[in-house]
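Working notes, beginning with the structure itself.
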Amino acid sequence: MGHAVRHTAMTPDEFLAWEIAQAERHEFVDGEVYAMAGGDDRHARVTLNLAGAMNLHLRGSACRVYSTDMRLNVESLGSYFYPDVMVSCSQADRARRQAKSEPTLVVEVLSPGTSSYDRGAKSFHYRQIPTMREIVLIDASSRTTEVYRRHDESHWTLAQHAPGQSVTFESIGLTLAADEMFADVDEDEAESAFTAPPDAAAP
């Protein structure tokens with residue numbers, strides 16, 4: 001996602017009615033609206049690679065893959081987000097046209113300006129969704145990946161993947177090689193060193 005900028009205050013229903021009519025995307029957190037800025041080419045490329053691979057893997061199943069333009073509604077907190085990639089296997093979600101509420105998996109491709117927000121406040125909201133099994137954070141610059149997996153209502157574990165390592169999305173039964181995830185992401189723009197994030201503990 002892009003950098004969040006405060007816009008105004010609304011109720012969840014007011015936000016959805018207003019946002020549907022907007023040309024640009026906005027997220028809604030704690031009663032306030034935030035305009036979203038665009039990401040760079042690495043962000044776009046990784047998002048496209050993941051959505052394409054997941055869509056091919058899940059074709060013909062009960063699960064659906066959504067990318068960038070589909071809202072995610074965290075109903076218990078009245079918030080709305082635009083995950084970079086989202087997978088829902090919910091029959092109820094298939095009938096919802098404006099926003100999905102029961103995802104199994106979300107992926108965020110980190111941007112320098114929003115990394116702390118994605119790891120902190122945004123991940124907190126995602127963890128409130130009962131159907132959520134995995135939250136995946138990908139750093140396109142360092143080519144590292146963090147996979148947070150839910151094991152019960154309150155127990156999450158973290159699996160970190162260094163550059164070059166394959167990543168398994170257990171919630172949808174898919175393993176992707178690093179070359180697939182980062183296909184056509186320029187090598188000279190990626191950092192080679194792997195540095196664990198300072199807040200690497202499971203959320």
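Numbering starts fresh at 1 for the residues of each chain in the structure tokens, the chains themselves are lettered A, B, ... in the order given, and ligands are numbered from 1 as they appear.
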
List the neighbours of stretch 117-126 of chain A out to 8 Å using only C-alpha atoms; skip same-chain residues closer than 4 positions along the sequence, and give me the result as a count of residues only. 9

Exercise: A:Phe182 partners within 9 Å, only C-alpha atoms, chain neighbours under 6 positions left out, as JSON, numbers by chain: {"A": [42, 45, 46, 49, 50, 140, 143]}

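For the pair atom CA of A:Asp13 and atom CA of A:Arg133, the interatomic distance is 27.0 Å.
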
Taking the chain letters and numbering used in this document, name the residues of stretch 4-174 of chain A that DSSP puts in strand (DSSP E or B), as number ranges by chain. A: 4-9, 26-29, 32-36, 64-67, 71-74, 79-81, 85-88, 99-100, 103-110, 134-139, 144-150, 156-161, 167-169, 174

From the options A:Gly31, A:Gly173, A:Gly39, A:Pro130, which residue's atoms come nearest to A:Leu16, counting only C-alpha atoms?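 With only C-alpha atoms as the atom set, the closest residue is A:Gly31.
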
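From atom CA of A:Glu27 back to atom CA of A:Ala183, the distance works out to 28.8 Å.
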
Going by DSSP on the backbone, which residues of chain A come out as alpha helix (DSSP H)? List them as a ChimeraX atom specification. /A:12-19,41-58,91-95,115-117,123-127,178-181

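Proximity to A:Arg59 at 12 Å, evaluated using only C-alpha atoms and with sequence-adjacent residues fewer than 6 positions away removed, yields A:Ala51, A:Gly52, A:Ala53, A:Val65, A:Val87, A:Cys89, A:Ile172.
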
Could those selected residues go to a file with C-alpha atoms, as a PDB file, in the first residue's frame?
ATOM      1  CA  ALA A  51      -1.584 -12.743  -7.624  1.00  0.00           C
ATOM      2  CA  GLY A  52      -0.972 -14.511 -10.934  1.00  0.00           C
ATOM      3  CA  ALA A  53       0.626 -17.583  -9.383  1.00  0.00           C
ATOM      4  CA  VAL A  65      -7.744 -14.253  -5.389  1.00  0.00           C
ATOM      5  CA  VAL A  87      -7.425 -14.878  -0.855  1.00  0.00           C
ATOM      6  CA  CYS A  89     -12.427 -19.207   0.317  1.00  0.00           C
ATOM      7  CA  ILE A 172      -3.687 -22.353   0.256  1.00  0.00           C
TER       8      ILE A 172
END

When distances are computed from only C-alpha atoms, which of A:Ser116, A:Ser141, A:Gln98, A:Gln128 shows the smallest separation from A:Ala21?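 Closest candidate: A:Gln98.
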
In terms of the shortest atom-to-atom distance over only C-alpha atoms, which of A:Glu146, A:Asp41, A:Glu32, A:Asp184 is closest to A:Gln160? A:Glu146

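With only C-alpha atoms as the atoms that count, the minimum distance from A:Thr175 to the choices A:Leu72, A:Met54, A:Val136, A:Lys100 is reached by A:Met54.
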
Can you work out which one of A:Glu134, A:Glu75, A:Asp179, A:Asp139 has the shortest atom-to-atom distance to A:Thr157, counting only C-alpha atoms? A:Glu134

Nearest to A:Arg149: which of A:Ser67, A:His161, A:Thr104, A:Asp186 is it, counting only C-alpha atoms?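 Once distances to A:Arg149 are computed over only C-alpha atoms, the minimum belongs to A:Thr104.
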
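Our summary of the geometry notes that atom CA of A:Pro103 is positioned 9.4 Å from atom CA of A:Cys63.
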